[in-house]
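Taking it in order: structure first as structure tokens, then the write-up.
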Amino acid sequence: MLSLNDVFLTYSNGNTSVQALAGVNLKIEKGKSYAIIGPSGCGKTSLIFLMAGLIAPTQGEVFLHEMKVVKPHRGTALILQEYGLLPWKTVWENAALGLKLRKVPEQEIADILGQVFEELELTECIDRYPNQLSGGQKQRVALARALSLQPEILLMDEPLSALDALTRENLQEVILRLIKKHRITSVLVTHSIEEAVYLGQEIIILSARPGKISAIVANTEQGTEGYRHKMSFYAKCTEVRGLLEVHCQSDDRLLQKQ
Ligand SMILES: Nc1ncnc2c1ncn2[C@@H]1O[C@H](COP(=O)(O)OP(=O)(O)OP(=O)(O)O)[C@@H](O)[C@H]1O
């Protein structure tokens, strides 16, 4: 459904240029969940921004349902690490932003948000401002805003990396439950091997910059009951770690034992 065909990306600023991606070919299939992992600066955010239609490739093409992606698409929602909440708006107003931009009637917004807030256990926070929320709650609001748009594809760029370990695991469960329930295709960028293995049915490993796909690891047990505590989960983490060590030796963050 979403495909990148021989995509190259170079950023040019005056006299300097940085080649971020070189020859990326990728197919994102409907209903599947993907995790992208690779060394710092290898082009992961660039790749997700290309999928979102926020930037254009220097060479090659991005297609969604066989239509060339040249701008953000209604069926795609993006969640970032920094939550993207407006500090002067309440939780409810922040979550409603996307729907208001689409001129959805007030009653419909209330119905949609009511349900999403219940799913995300945010109902008691609706009148608070972002500075009155924990990091985990802020990311739930960002998730509520994205889900309220009923996206086909949820793109996430390190959404949980600012959170403490337990909040992070808790939100991984929330994301897993919601993408399964709503059958959303998802693409997650992460620096955490465990998170990639927990949330990605396929784990895409990028090489050091300029980023190219080094390997795609099938993770067939992803999403099964209690996966985080199974031996097969640890074995898959070890497999991914081994591939990262081969392809991404320059990155200290990934080589630390997590
Ligand atoms: N607007 C820009 N202008 C110039 N160079 C850029 C720009 N945006 C990103 N880059 C460079 O392109 C490369 C890829 O950046 P990108 O943010 O996609 O990598 P990343 O894998 O997401 O990094 P990290 O893991 O550190 O978040 C990096 O070297 C970065 O410095």
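Quick note on naming: the chains in the structure tokens go A, B, ... in the order shown, residues restart at 1 in each chain, and ligands are numbered from 1 in order of appearance.
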Listing only residues of chain A within 9 Å of ligand 1, what is the closest atom pair and its distance in Å (to one decimal) for each, using only C-alpha atoms and all ligand atoms, sorted by chain and residue number ascending, as JSON lines?
{"residue": "A:Leu9", "atom": "CA", "partner": "ligand 1", "partner_atom_place_in_ligand_line": "12 (O)", "distance": 8.7}
{"residue": "A:Thr10", "atom": "CA", "partner": "ligand 1", "partner_atom_place_in_ligand_line": "12 (O)", "distance": 7.7}
{"residue": "A:Tyr11", "atom": "CA", "partner": "ligand 1", "partner_atom_place_in_ligand_line": "4 (C)", "distance": 4.8}
{"residue": "A:Ser12", "atom": "CA", "partner": "ligand 1", "partner_atom_place_in_ligand_line": "4 (C)", "distance": 6.3}
{"residue": "A:Asn13", "atom": "CA", "partner": "ligand 1", "partner_atom_place_in_ligand_line": "4 (C)", "distance": 6.4}
{"residue": "A:Thr16", "atom": "CA", "partner": "ligand 1", "partner_atom_place_in_ligand_line": "4 (C)", "distance": 8.4}
{"residue": "A:Ser17", "atom": "CA", "partner": "ligand 1", "partner_atom_place_in_ligand_line": "4 (C)", "distance": 6.9}
{"residue": "A:Val18", "atom": "CA", "partner": "ligand 1", "partner_atom_place_in_ligand_line": "5 (N)", "distance": 5.5}
{"residue": "A:Gln19", "atom": "CA", "partner": "ligand 1", "partner_atom_place_in_ligand_line": "12 (O)", "distance": 6.6}
{"residue": "A:Ala20", "atom": "CA", "partner": "ligand 1", "partner_atom_place_in_ligand_line": "13 (C)", "distance": 4.5}
{"residue": "A:Leu21", "atom": "CA", "partner": "ligand 1", "partner_atom_place_in_ligand_line": "14 (C)", "distance": 7.5}
{"residue": "A:Ile37", "atom": "CA", "partner": "ligand 1", "partner_atom_place_in_ligand_line": "21 (O)", "distance": 8.2}
{"residue": "A:Gly38", "atom": "CA", "partner": "ligand 1", "partner_atom_place_in_ligand_line": "21 (O)", "distance": 6.7}
{"residue": "A:Pro39", "atom": "CA", "partner": "ligand 1", "partner_atom_place_in_ligand_line": "25 (O)", "distance": 6.0}
{"residue": "A:Ser40", "atom": "CA", "partner": "ligand 1", "partner_atom_place_in_ligand_line": "25 (O)", "distance": 3.4}
{"residue": "A:Gly41", "atom": "CA", "partner": "ligand 1", "partner_atom_place_in_ligand_line": "23 (O)", "distance": 3.4}
{"residue": "A:Cys42", "atom": "CA", "partner": "ligand 1", "partner_atom_place_in_ligand_line": "21 (O)", "distance": 3.9}
{"residue": "A:Gly43", "atom": "CA", "partner": "ligand 1", "partner_atom_place_in_ligand_line": "18 (O)", "distance": 3.2}
{"residue": "A:Lys44", "atom": "CA", "partner": "ligand 1", "partner_atom_place_in_ligand_line": "21 (O)", "distance": 3.8}
{"residue": "A:Thr45", "atom": "CA", "partner": "ligand 1", "partner_atom_place_in_ligand_line": "22 (O)", "distance": 3.7}
{"residue": "A:Ser46", "atom": "CA", "partner": "ligand 1", "partner_atom_place_in_ligand_line": "18 (O)", "distance": 3.7}
{"residue": "A:Leu47", "atom": "CA", "partner": "ligand 1", "partner_atom_place_in_ligand_line": "18 (O)", "distance": 6.5}
{"residue": "A:Ile48", "atom": "CA", "partner": "ligand 1", "partner_atom_place_in_ligand_line": "18 (O)", "distance": 8.1}
{"residue": "A:Phe49", "atom": "CA", "partner": "ligand 1", "partner_atom_place_in_ligand_line": "18 (O)", "distance": 8.3}
{"residue": "A:Asp157", "atom": "CA", "partner": "ligand 1", "partner_atom_place_in_ligand_line": "22 (O)", "distance": 8.0}
{"residue": "A:Glu158", "atom": "CA", "partner": "ligand 1", "partner_atom_place_in_ligand_line": "27 (O)", "distance": 8.0}
{"residue": "A:Val189", "atom": "CA", "partner": "ligand 1", "partner_atom_place_in_ligand_line": "22 (O)", "distance": 7.9}
{"residue": "A:Thr190", "atom": "CA", "partner": "ligand 1", "partner_atom_place_in_ligand_line": "25 (O)", "distance": 8.0}
{"residue": "A:His191", "atom": "CA", "partner": "ligand 1", "partner_atom_place_in_ligand_line": "25 (O)", "distance": 7.0}
{"residue": "A:Leu206", "atom": "CA", "partner": "ligand 1", "partner_atom_place_in_ligand_line": "21 (O)", "distance": 8.5}
{"residue": "A:Ala208", "atom": "CA", "partner": "ligand 1", "partner_atom_place_in_ligand_line": "21 (O)", "distance": 8.4}
{"residue": "A:Arg209", "atom": "CA", "partner": "ligand 1", "partner_atom_place_in_ligand_line": "29 (O)", "distance": 6.8}
{"residue": "A:Pro210", "atom": "CA", "partner": "ligand 1", "partner_atom_place_in_ligand_line": "13 (C)", "distance": 7.5}
{"residue": "A:Gly211", "atom": "CA", "partner": "ligand 1", "partner_atom_place_in_ligand_line": "14 (C)", "distance": 7.9}
(request) Can you check which residues of region 29-231 of chain A DSSP gives as strand (DSSP E or B) on the backbone and send them as a ChimeraX atom specification? (result) /A:33-37,59-64,67-68,76-80,153-157,185-189,202-206,211,213-218
Write a file of the selected residues as a tab-separated table (two decimals), in the first residue's frame, keeping N, CA and C atoms.
chain	number	residue	atom	x	y	z
A	33	SER	N	2.60	-4.18	11.15
A	33	SER	CA	3.32	-3.20	11.98
A	33	SER	C	4.82	-3.36	11.74
A	34	TYR	N	5.47	-2.22	11.57
A	34	TYR	CA	6.90	-2.19	11.24
A	34	TYR	C	7.64	-1.38	12.28
A	35	ALA	N	8.87	-1.79	12.57
A	35	ALA	CA	9.75	-0.98	13.41
A	35	ALA	C	11.01	-0.70	12.61
A	36	ILE	N	11.47	0.55	12.69
A	36	ILE	CA	12.71	0.93	11.99
A	36	ILE	C	13.76	1.23	13.05
A	37	ILE	N	14.91	0.62	12.91
A	37	ILE	CA	15.99	0.82	13.88
A	37	ILE	C	17.30	0.97	13.12
A	59	GLN	N	15.60	11.83	-5.21
A	59	GLN	CA	15.49	10.90	-6.34
A	59	GLN	C	14.63	9.74	-5.88
A	60	GLY	N	13.90	9.13	-6.83
A	60	GLY	CA	13.03	8.01	-6.45
A	60	GLY	C	11.64	8.53	-6.08
A	61	GLU	N	10.77	7.59	-5.72
A	61	GLU	CA	9.37	7.98	-5.49
A	61	GLU	C	8.76	7.25	-4.30
A	62	VAL	N	7.77	7.92	-3.71
A	62	VAL	CA	6.98	7.31	-2.63
A	62	VAL	C	5.54	7.22	-3.14
A	63	PHE	N	4.96	6.04	-3.03
A	63	PHE	CA	3.58	5.86	-3.48
A	63	PHE	C	2.70	5.38	-2.33
A	64	LEU	N	1.48	5.90	-2.29
A	64	LEU	CA	0.48	5.39	-1.36
A	64	LEU	C	-0.72	4.99	-2.21
A	67	MET	N	-0.68	6.05	-5.73
A	67	MET	CA	-0.68	7.49	-6.03
A	67	MET	C	0.62	8.06	-5.48
A	68	LYS	N	1.28	8.89	-6.26
A	68	LYS	CA	2.55	9.45	-5.79
A	68	LYS	C	2.29	10.38	-4.59
A	76	THR	N	-2.99	9.38	6.86
A	76	THR	CA	-1.74	9.14	7.59
A	76	THR	C	-1.68	10.06	8.80
A	77	ALA	N	-1.32	9.52	9.95
A	77	ALA	CA	-1.12	10.35	11.15
A	77	ALA	C	0.30	10.14	11.65
A	78	LEU	N	0.87	11.21	12.20
A	78	LEU	CA	2.26	11.16	12.64
A	78	LEU	C	2.34	11.56	14.11
A	79	ILE	N	3.07	10.78	14.89
A	79	ILE	CA	3.30	11.12	16.31
A	79	ILE	C	4.81	11.27	16.52
A	80	LEU	N	5.17	12.35	17.20
A	80	LEU	CA	6.59	12.66	17.42
A	80	LEU	C	6.94	12.52	18.89
A	153	ILE	N	-2.72	4.64	8.40
A	153	ILE	CA	-1.31	4.42	8.72
A	153	ILE	C	-0.90	5.35	9.86
A	154	LEU	N	-0.34	4.75	10.90
A	154	LEU	CA	0.15	5.53	12.03
A	154	LEU	C	1.68	5.52	11.98
A	155	LEU	N	2.26	6.70	11.79
A	155	LEU	CA	3.71	6.83	11.74
A	155	LEU	C	4.17	7.38	13.08
A	156	MET	N	5.19	6.78	13.68
A	156	MET	CA	5.62	7.21	15.02
A	156	MET	C	7.13	7.35	15.03
A	157	ASP	N	7.59	8.55	15.39
A	157	ASP	CA	9.03	8.81	15.42
A	157	ASP	C	9.50	8.89	16.87
A	185	THR	N	-2.21	0.16	10.09
A	185	THR	CA	-0.84	-0.12	9.66
A	185	THR	C	0.05	0.83	10.46
A	186	SER	N	1.15	0.32	11.01
A	186	SER	CA	1.97	1.22	11.82
A	186	SER	C	3.44	1.10	11.46
A	187	VAL	N	4.12	2.25	11.56
A	187	VAL	CA	5.57	2.29	11.34
A	187	VAL	C	6.16	3.08	12.50
A	188	LEU	N	7.04	2.43	13.26
A	188	LEU	CA	7.61	3.02	14.46
A	188	LEU	C	9.12	3.15	14.29
A	189	VAL	N	9.63	4.35	14.54
A	189	VAL	CA	11.09	4.54	14.62
A	189	VAL	C	11.48	4.46	16.08
A	202	GLU	N	7.65	-6.67	11.46
A	202	GLU	CA	8.87	-6.71	10.64
A	202	GLU	C	9.78	-5.63	11.19
A	203	ILE	N	11.05	-5.95	11.35
A	203	ILE	CA	12.01	-4.99	11.90
A	203	ILE	C	12.98	-4.62	10.78
A	204	ILE	N	12.96	-3.33	10.46
A	204	ILE	CA	13.76	-2.83	9.34
A	204	ILE	C	15.05	-2.25	9.92
A	205	ILE	N	16.17	-2.79	9.51
A	205	ILE	CA	17.46	-2.32	10.04
A	205	ILE	C	18.14	-1.45	8.98
A	206	LEU	N	18.41	-0.20	9.38
A	206	LEU	CA	19.08	0.72	8.45
A	206	LEU	C	20.58	0.74	8.75
A	211	GLY	N	21.60	6.22	4.93
A	211	GLY	CA	20.81	5.05	5.30
A	211	GLY	C	20.33	4.24	4.10
A	213	ILE	N	18.62	0.00	3.52
A	213	ILE	CA	18.10	-1.12	4.30
A	213	ILE	C	19.14	-2.23	4.33
A	214	SER	N	19.60	-2.55	5.54
A	214	SER	CA	20.60	-3.62	5.69
A	214	SER	C	19.93	-4.97	5.82
A	215	ALA	N	18.80	-4.98	6.52
A	215	ALA	CA	18.10	-6.26	6.73
A	215	ALA	C	16.66	-5.97	7.13
A	216	ILE	N	15.80	-6.93	6.82
A	216	ILE	CA	14.42	-6.88	7.33
A	216	ILE	C	14.19	-8.21	8.06
A	217	VAL	N	13.89	-8.10	9.34
A	217	VAL	CA	13.77	-9.31	10.18
A	217	VAL	C	12.29	-9.60	10.39
A	218	ALA	N	11.86	-10.79	10.02
A	218	ALA	CA	10.48	-11.21	10.27
A	218	ALA	C	10.35	-11.57	11.74
(request) Taking the chain letters and numbering used in this document, name the residues of region 39-153 of chain A that DSSP puts in helix (DSSP H, G or I), as JSON, numbers by chain. (result) {"A": [44, 45, 46, 47, 48, 49, 50, 51, 52, 91, 92, 93, 94, 95, 96, 97, 98, 99, 100, 101, 106, 107, 108, 109, 110, 111, 112, 113, 114, 115, 116, 117, 118, 119, 123, 124, 125, 130, 131, 132, 135, 136, 137, 138, 139, 140, 141, 142, 143, 144, 145, 146, 147, 148]}
Put those residues in a file: C-alpha atoms, as a tab-separated table (two decimals), in the first residue's frame.
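Produced file part-v5.tsv, reproduced below:
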chain	number	residue	atom	x	y	z
A	44	LYS	CA	15.18	7.18	10.23
A	45	THR	CA	13.28	10.43	10.82
A	46	SER	CA	13.86	11.41	7.21
A	47	LEU	CA	12.37	8.10	6.10
A	48	ILE	CA	9.25	8.56	8.19
A	49	PHE	CA	8.86	12.19	7.03
A	50	LEU	CA	9.05	10.94	3.43
A	51	MET	CA	6.30	8.41	4.19
A	52	ALA	CA	4.22	11.20	5.74
A	91	VAL	CA	-6.26	18.27	26.56
A	92	TRP	CA	-9.64	18.20	24.87
A	93	GLU	CA	-8.80	21.12	22.58
A	94	ASN	CA	-5.42	19.64	21.71
A	95	ALA	CA	-6.93	16.30	20.85
A	96	ALA	CA	-9.67	17.95	18.79
A	97	LEU	CA	-7.27	20.00	16.65
A	98	GLY	CA	-6.99	17.58	13.74
A	99	LEU	CA	-10.74	17.02	13.55
A	100	LYS	CA	-11.42	20.78	13.69
A	101	LEU	CA	-8.98	21.35	10.84
A	106	GLU	CA	-18.79	19.59	17.01
A	107	GLN	CA	-21.15	16.76	17.96
A	108	GLU	CA	-19.19	14.28	15.87
A	109	ILE	CA	-15.93	15.50	17.45
A	110	ALA	CA	-17.45	14.94	20.89
A	111	ASP	CA	-18.54	11.41	19.97
A	112	ILE	CA	-15.17	10.44	18.47
A	113	LEU	CA	-13.07	11.97	21.26
A	114	GLY	CA	-15.33	10.56	23.97
A	115	GLN	CA	-14.61	7.05	22.71
A	116	VAL	CA	-10.88	7.61	22.10
A	117	PHE	CA	-10.42	9.21	25.54
A	118	GLU	CA	-12.08	6.24	27.16
A	119	GLU	CA	-9.82	3.82	25.27
A	123	THR	CA	-11.33	11.08	30.46
A	124	GLU	CA	-10.39	12.66	33.80
A	125	CYS	CA	-7.72	14.84	32.16
A	130	PRO	CA	-0.28	20.05	28.93
A	131	ASN	CA	1.92	21.36	31.76
A	132	GLN	CA	-0.43	19.62	34.22
A	135	GLY	CA	5.05	12.63	29.98
A	136	GLY	CA	3.03	9.45	29.55
A	137	GLN	CA	-0.27	11.36	29.67
A	138	LYS	CA	1.02	13.90	27.13
A	139	GLN	CA	1.91	11.09	24.76
A	140	ARG	CA	-1.55	9.57	25.29
A	141	VAL	CA	-3.07	12.91	24.23
A	142	ALA	CA	-0.86	12.94	21.13
A	143	LEU	CA	-2.01	9.37	20.46
A	144	ALA	CA	-5.65	10.43	20.99
A	145	ARG	CA	-5.27	13.24	18.46
A	146	ALA	CA	-3.76	10.83	15.92
A	147	LEU	CA	-6.34	8.08	16.51
A	148	SER	CA	-9.29	10.48	16.37
(request) Provide the CA of Glu29 (chain A) to CA of Met1 (chain A) distance in Å, to one decimal place. (result)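 Interatomic distance, CA of Glu29 (chain A) to CA of Met1 (chain A): 5.5 Å.
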(message) Please compute the CA of Ser161 (chain A)-CA of Ile179 (chain A) distance, one decimal, in Å.
(response) 19.1 Å
